file start_18.csv (CSV, C-alpha atoms)
chain,number,residue,atom,x,y,z
A,1,MET,CA,0.0,0.0,0.0
A,2,THR,CA,1.4,3.4,-1.0
A,3,LEU,CA,2.0,6.2,1.5
A,4,ARG,CA,-0.8,8.2,-0.1
A,5,ALA,CA,-3.2,5.2,0.2
A,6,ARG,CA,-2.3,4.7,3.9
A,7,ILE,CA,-2.9,8.4,4.7
A,8,LEU,CA,-6.2,8.3,2.9
A,9,SER,CA,-7.3,5.1,4.7
A,10,MET,CA,-6.4,6.6,8.1
A,11,THR,CA,-8.3,9.8,7.3
A,12,LEU,CA,-11.4,7.8,6.3
A,13,ALA,CA,-11.1,5.7,9.4
A,14,MET,CA,-10.9,8.7,11.6
A,15,VAL,CA,-13.9,10.3,10.0
A,16,ALA,CA,-15.9,7.0,10.4
A,17,VAL,CA,-14.9,6.8,14.1
A,18,VAL,CA,-16.1,10.4,14.7
A,19,VAL,CA,-19.4,9.9,12.9
A,20,LEU,CA,-20.1,6.6,14.7
A,21,SER,CA,-19.3,8.2,18.0
A,22,LEU,CA,-21.8,10.9,17.3
A,23,VAL,CA,-24.3,8.2,16.3
A,24,ALA,CA,-23.7,6.4,19.6
A,25,ILE,CA,-24.3,9.7,21.5
A,26,ASN,CA,-27.6,10.3,19.6
A,27,LEU,CA,-28.7,6.8,20.3
A,28,ASP,CA,-27.8,7.2,24.0
A,29,ASN,CA,-29.8,10.4,24.2
A,30,LEU,CA,-32.8,8.8,22.5
A,31,VAL,CA,-32.8,5.8,24.8
A,32,GLY,CA,-32.2,8.0,27.8
A,33,THR,CA,-35.0,10.3,26.9
A,34,TRP,CA,-37.5,7.5,26.5
A,35,LEU,CA,-36.5,5.9,29.8
A,36,ASP,CA,-36.7,9.2,31.5
A,37,SER,CA,-40.2,9.7,30.1
A,38,SER,CA,-41.3,6.2,31.1
A,39,LEU,CA,-39.8,6.6,34.6
A,40,GLU,CA,-41.5,10.0,35.0
A,41,ARG,CA,-44.9,8.6,34.0
A,42,SER,CA,-44.5,5.7,36.4
A,43,GLU,CA,-43.6,7.9,39.3
A,44,VAL,CA,-46.4,10.4,38.5
A,45,ALA,CA,-48.9,7.5,38.4
A,46,GLY,CA,-47.5,6.2,41.7
A,47,ARG,CA,-47.9,9.6,43.4
A,48,GLN,CA,-51.5,10.0,42.1
A,49,ILE,CA,-52.4,6.5,43.4
A,50,GLN,CA,-50.6,7.3,46.7
A,51,ALA,CA,-52.5,10.5,47.2
A,52,PHE,CA,-55.8,8.8,46.4
A,53,MET,CA,-55.1,6.0,48.9
A,54,LEU,CA,-54.1,8.3,51.7
A,55,ARG,CA,-57.2,10.5,51.2
A,56,ARG,CA,-59.5,7.4,51.1
A,57,ILE,CA,-58.0,5.9,54.2
A,58,GLU,CA,-58.3,9.2,56.0
A,59,GLU,CA,-61.9,9.6,55.0
A,60,ARG,CA,-63.0,6.0,55.8
A,61,THR,CA,-61.2,6.1,59.2
A,62,ALA,CA,-62.6,9.4,60.2
A,63,ALA,CA,-66.2,8.2,59.3
A,64,LEU,CA,-65.9,5.4,61.9
A,65,ALA,CA,-67.9,5.8,65.1
A,66,ARG,CA,-65.0,4.2,67.0
A,67,PRO,CA,-61.4,4.3,65.8
A,68,PRO,CA,-59.5,1.0,65.8
A,69,ASP,CA,-57.7,0.1,69.0
A,70,GLY,CA,-54.0,-0.5,68.6
A,71,LEU,CA,-51.6,-0.6,65.7
A,72,GLU,CA,-52.5,-4.1,64.6
A,73,ALA,CA,-56.2,-3.3,64.4
A,74,THR,CA,-55.4,-0.1,62.5
A,75,MET,CA,-53.3,-2.0,60.0
A,76,ARG,CA,-56.1,-4.5,59.4
A,77,LEU,CA,-58.6,-1.7,58.9
A,78,TRP,CA,-56.4,0.1,56.4
A,79,SER,CA,-55.7,-3.1,54.4
A,80,SER,CA,-59.4,-3.8,54.4
A,81,ILE,CA,-60.1,-0.3,53.0
A,82,VAL,CA,-57.6,-0.7,50.3
A,83,LYS,CA,-58.7,-4.2,49.3
A,84,GLU,CA,-62.5,-3.4,49.2
A,85,ASP,CA,-62.3,0.0,47.5
A,86,GLY,CA,-63.8,-0.4,44.1
A,87,ASP,CA,-62.8,3.1,43.1
A,88,LEU,CA,-59.1,2.3,43.8
A,89,ALA,CA,-59.3,-0.7,41.5
A,90,ALA,CA,-60.9,1.4,38.8
A,91,LEU,CA,-58.2,4.0,39.2
A,92,LEU,CA,-55.4,1.4,38.8
A,93,GLU,CA,-57.0,0.2,35.5
A,94,GLN,CA,-57.6,3.7,34.2
A,95,THR,CA,-54.0,4.8,35.0
A,96,MET,CA,-52.5,1.7,33.3
A,97,ALA,CA,-54.6,2.3,30.2
A,98,GLN,CA,-53.4,5.9,29.8
A,99,SER,CA,-49.7,4.7,29.3
A,100,ARG,CA,-48.2,3.0,26.4
A,101,ALA,CA,-45.6,1.2,28.4
A,102,ILE,CA,-47.3,0.4,31.8
A,103,ILE,CA,-48.8,-3.1,31.8
A,104,GLU,CA,-49.8,-3.6,35.4
A,105,ILE,CA,-50.1,-1.7,38.7
A,106,ASN,CA,-50.3,-3.4,42.1
A,107,VAL,CA,-50.8,-2.3,45.7
A,108,ALA,CA,-49.3,-4.6,48.3
A,109,ALA,CA,-49.6,-4.7,52.0
A,110,GLU,CA,-46.7,-4.8,54.5
A,111,ASP,CA,-46.4,-8.6,54.1
A,112,GLY,CA,-46.0,-8.3,50.3
A,113,ARG,CA,-49.5,-9.6,49.4
A,114,VAL,CA,-51.3,-7.8,46.7
A,115,LEU,CA,-54.4,-6.1,48.0
A,116,ALA,CA,-55.5,-4.3,44.8
A,117,SER,CA,-54.3,-4.6,41.2
A,118,SER,CA,-55.2,-3.5,37.7
A,119,ASN,CA,-55.2,-7.2,37.0
A,120,PRO,CA,-57.8,-8.7,39.5
A,121,ALA,CA,-56.2,-12.1,39.2
A,122,ARG,CA,-53.1,-10.8,41.1
A,123,THR,CA,-55.1,-10.1,44.2
A,124,GLY,CA,-53.9,-12.2,47.1
A,125,ASP,CA,-50.7,-13.2,45.4
A,126,ALA,CA,-47.2,-12.2,46.6
A,127,MET,CA,-46.0,-9.2,44.7
A,128,ALA,CA,-43.2,-10.4,42.4
A,129,LYS,CA,-39.8,-8.6,42.4
A,130,ARG,CA,-38.7,-7.1,39.1
A,131,GLN,CA,-35.6,-5.1,38.1
A,132,ASP,CA,-35.9,-1.5,39.0
A,133,LEU,CA,-36.5,0.9,36.1
A,134,ARG,CA,-34.2,3.4,37.7
A,135,THR,CA,-31.4,0.9,37.6
A,136,LEU,CA,-31.9,0.4,33.9
A,137,ARG,CA,-31.9,4.1,33.4
A,138,SER,CA,-28.5,4.5,35.1
A,139,ALA,CA,-27.0,1.5,33.2
A,140,ARG,CA,-24.5,1.9,30.3
A,141,LEU,CA,-25.6,2.5,26.8
A,142,THR,CA,-25.0,-1.1,25.7
A,143,GLY,CA,-27.0,-2.4,28.7
A,144,ARG,CA,-29.9,-0.1,28.1
A,145,VAL,CA,-30.1,-0.8,24.4
A,146,SER,CA,-29.8,-4.6,24.9
A,147,ALA,CA,-32.6,-4.5,27.6
A,148,ILE,CA,-35.0,-2.5,25.4
A,149,PHE,CA,-34.3,-4.1,22.0
A,150,ARG,CA,-33.6,-7.7,23.1
A,151,SER,CA,-35.2,-8.3,26.5
A,152,ARG,CA,-38.8,-9.3,27.1
A,153,ASP,CA,-38.6,-8.5,30.8
A,154,ASP,CA,-40.8,-6.1,32.8
A,155,TYR,CA,-39.3,-3.4,34.9
A,156,GLU,CA,-40.8,-2.0,38.1
A,157,THR,CA,-41.1,1.4,39.8
A,158,ARG,CA,-42.1,1.2,43.5
A,159,VAL,CA,-43.7,4.0,45.5
A,160,PRO,CA,-43.8,3.2,49.2
A,161,ILE,CA,-46.5,4.6,51.6
A,162,GLY,CA,-45.4,5.0,55.2
A,163,PHE,CA,-47.0,6.4,58.3
A,164,ALA,CA,-45.5,7.9,61.4
A,165,GLY,CA,-44.1,5.4,63.8
A,166,GLN,CA,-43.5,2.8,61.1
A,167,THR,CA,-39.9,1.8,60.2
A,168,GLY,CA,-41.0,0.3,56.8
A,169,PRO,CA,-43.7,1.0,54.3
A,170,VAL,CA,-47.2,0.1,55.2
A,171,PHE,CA,-48.2,-0.2,51.5
A,172,THR,CA,-46.1,-0.5,48.4
A,173,ILE,CA,-47.3,0.6,44.9
A,174,GLN,CA,-45.7,-1.3,42.1
A,175,ILE,CA,-45.9,0.0,38.5
A,176,LEU,CA,-44.7,-2.5,35.9
A,177,SER,CA,-43.4,-1.2,32.5
A,178,SER,CA,-42.8,-3.5,29.6
A,179,ALA,CA,-39.6,-3.4,27.6
A,180,LEU,CA,-41.6,-4.7,24.5
A,181,LEU,CA,-44.1,-1.9,24.7
A,182,LEU,CA,-41.3,0.7,25.3
A,183,ARG,CA,-39.5,-0.7,22.2
A,184,ASP,CA,-42.6,-0.4,20.1
A,185,ALA,CA,-43.1,3.2,21.2
A,186,MET,CA,-39.4,4.0,20.4
A,187,LYS,CA,-39.3,2.3,17.0
A,188,PRO,CA,-40.2,5.4,14.8
A,189,ASP,CA,-37.6,7.6,16.5
A,190,PHE,CA,-35.1,4.8,16.4
A,191,TRP,CA,-35.5,4.3,12.6
A,192,ASN,CA,-35.2,8.1,12.1
A,193,VAL,CA,-31.9,8.1,14.0
A,194,ALA,CA,-30.7,5.0,12.0
A,195,PHE,CA,-31.6,6.6,8.6
A,196,ILE,CA,-29.9,9.9,9.5
A,197,SER,CA,-26.9,8.1,10.8
A,198,VAL,CA,-26.4,6.0,7.7
A,199,PHE,CA,-26.8,9.0,5.5
A,200,ALA,CA,-24.4,11.1,7.6
A,201,LEU,CA,-21.8,8.3,7.7
A,202,THR,CA,-22.0,7.8,3.9
A,203,ALA,CA,-21.9,11.5,3.1
A,204,ALA,CA,-18.9,12.1,5.5
A,205,ILE,CA,-16.9,9.3,4.0
A,206,PHE,CA,-17.5,10.4,0.4
A,207,PHE,CA,-16.7,14.0,1.3
A,208,ALA,CA,-13.5,13.0,3.3
A,209,TYR,CA,-12.4,10.8,0.4
A,210,GLY,CA,-12.8,13.6,-2.2
A,211,VAL,CA,-11.1,16.2,-0.1
A,212,SER,CA,-8.3,13.8,0.9
A,213,ARG,CA,-7.6,12.7,-2.7
A,214,HIS,CA,-7.3,16.4,-3.8
A,215,ALA,CA,-5.2,17.4,-0.8
A,216,LEU,CA,-2.8,14.4,-1.2
A,217,ARG,CA,-2.4,14.6,-4.9
A,218,PRO,CA,1.0,16.4,-4.7
A,219,LEU,CA,2.3,13.5,-2.5
A,220,THR,CA,1.7,10.9,-5.3
A,221,ARG,CA,5.2,11.3,-6.7
A,222,ILE,CA,6.9,11.5,-3.4
A,223,SER,CA,4.9,8.5,-2.1
A,224,HIS,CA,6.1,6.4,-5.1
A,225,MET,CA,9.7,7.4,-4.5
A,226,ILE,CA,9.5,6.6,-0.8
A,227,ASP,CA,7.8,3.3,-1.5
A,228,GLY,CA,10.5,2.5,-4.1
A,229,ILE,CA,13.3,3.3,-1.7
A,230,VAL,CA,11.7,1.1,1.1
A,231,SER,CA,11.2,-1.8,-1.3
A,232,GLY,CA,14.7,-1.4,-2.7
A,233,HIS,CA,13.6,-0.9,-6.3
A,234,THR,CA,14.9,2.7,-6.5
A,235,HIS,CA,18.7,3.0,-7.0
A,236,THR,CA,20.5,6.2,-6.3
A,237,PRO,CA,22.9,6.9,-9.2
A,238,VAL,CA,26.5,6.6,-8.3
A,239,ALA,CA,28.8,9.4,-9.5
A,240,THR,CA,31.9,8.2,-11.4
A,241,VAL,CA,35.3,9.9,-11.4
A,242,VAL,CA,36.9,10.4,-14.7
call {"tool": "encode", "arguments": {"input": "start_18.csv", "output": "structure tokens"}}
result
Amino acid sequence: MTLRARILSMTLAMVAVVVLSLVAINLDNLVGTWLDSSLERSEVAGRQIQAFMLRRIEERTAALARPPDGLEATMRLWSSIVKEDGDLAALLEQTMAQSRAIIEINVAAEDGRVLASSNPARTGDAMAKRQDLRTLRSARLTGRVSAIFRSRDDYETRVPIGFAGQTGPVFTIQILSSALLLRDAMKPDFWNVAFISVFALTAAIFFAYGVSRHALRPLTRISHMIDGIVSGHTHTPVATVV
């Protein structure tokens, strides 16, 4: 390979690396934006359900002629309110339906048993542990892209509800988001980024190739001379003495 060809190849390689780095940054921003949006919707949904539950527990407890005696009785009362509240179950289903990525919302008691759910079949079951959506958001680009575009797992966002005097949460709201649904929602933006990236990479390589060929044209003769010297095919004429 001639010197000119080597310089041209290195130039094109550097241009490709720069463009691909920019593509990776754009992809990272796209995935991060969608994860941020999904996480924000999950947290907002959790806070809305939390506010509804606290208000309903306060109203039902205040309406009693005689308040429960002791912490254990109070906990049973609160769990009963949450479990039997039809408006809460309707709110869970409505909140889930308003999101493109949320597939299930559960409310569990202190022991981890589901008291109310957007999926009635979950009631009474132990709330399953899923990978935290916040952990996925803070992962590296390769991990996030792999999870969204290859994984079929669900990711959870938990919102605890605690009361004064309790060391742990009395209730836990679990919002489950699907990687499959998130992937489907991202596809249009992803293909836009892919199309623009391929076009930018192709255009940058052609432009760099044309500019480099023009700029390196004066080096053609020098390159051939150097390559000839290195290969031993060029002989320096020896002066003879008469």
call {"tool": "residues_around", "arguments": {"input": "start_18.csv", "residues": "region 175-181 of chain A", "least_positions_apart": "3", "cutoff": "8 Å", "atoms": "all atoms listed in the file", "output": "list in words"}}
result
Ser38, Ser42, Gly46, Arg100, Ala101, Ile102, Ile103, Glu104, Ile105, Asn106, Ala147, Ile148, Phe149, Ser151, Arg152, Asp153, Asp154, Tyr155, Glu156, Thr157, Arg158, Asp184 and Ala185 of chain A
call {"tool": "atom_distance", "arguments": {"input": "start_18.csv", "atom1": "CA of Ala62 (chain A)", "atom2": "CA of Ile81 (chain A)"}}
result
12.3 Å
call {"tool": "atom_distance", "arguments": {"input": "start_18.csv", "atom1": "CA of Gly162 (chain A)", "atom2": "CA of Gln98 (chain A)"}}
result
26.6 Å
call {"tool": "closest_atom_pairs", "arguments": {"input": "start_18.csv", "of": "region 161-204 of chain A", "to": "region 16-36 of chain A", "cutoff": "10 Å", "atoms": "all atoms listed in the file", "output": "tab-separated table"}}
result
residue	atom	partner	partner_atom	distance
A:Leu182	CA	A:Trp34	CA	7.9
A:Arg183	CA	A:Trp34	CA	9.5
A:Ala185	CA	A:Trp34	CA	8.8
A:Met186	CA	A:Trp34	CA	7.3
A:Asp189	CA	A:Leu30	CA	7.8
A:Phe190	CA	A:Leu30	CA	7.6
A:Val193	CA	A:Leu27	CA	7.2
A:Ala194	CA	A:Val23	CA	8.3
A:Ile196	CA	A:Val23	CA	9.0
A:Ser197	CA	A:Val23	CA	6.1
A:Val198	CA	A:Val23	CA	9.1
A:Ala200	CA	A:Val19	CA	7.4
A:Leu201	CA	A:Val19	CA	5.9
A:Thr202	CA	A:Ala16	CA	8.9
A:Ala204	CA	A:Ala16	CA	7.7
call {"tool": "residues_around", "arguments": {"input": "start_18.csv", "residues": "Ser80 (chain A)", "least_positions_apart": "2", "cutoff": "12 Å", "atoms": "only C-alpha atoms", "output": "ChimeraX atom specification"}}
result
/A:56-57,60-61,73-78,82-86,108-109,114-116
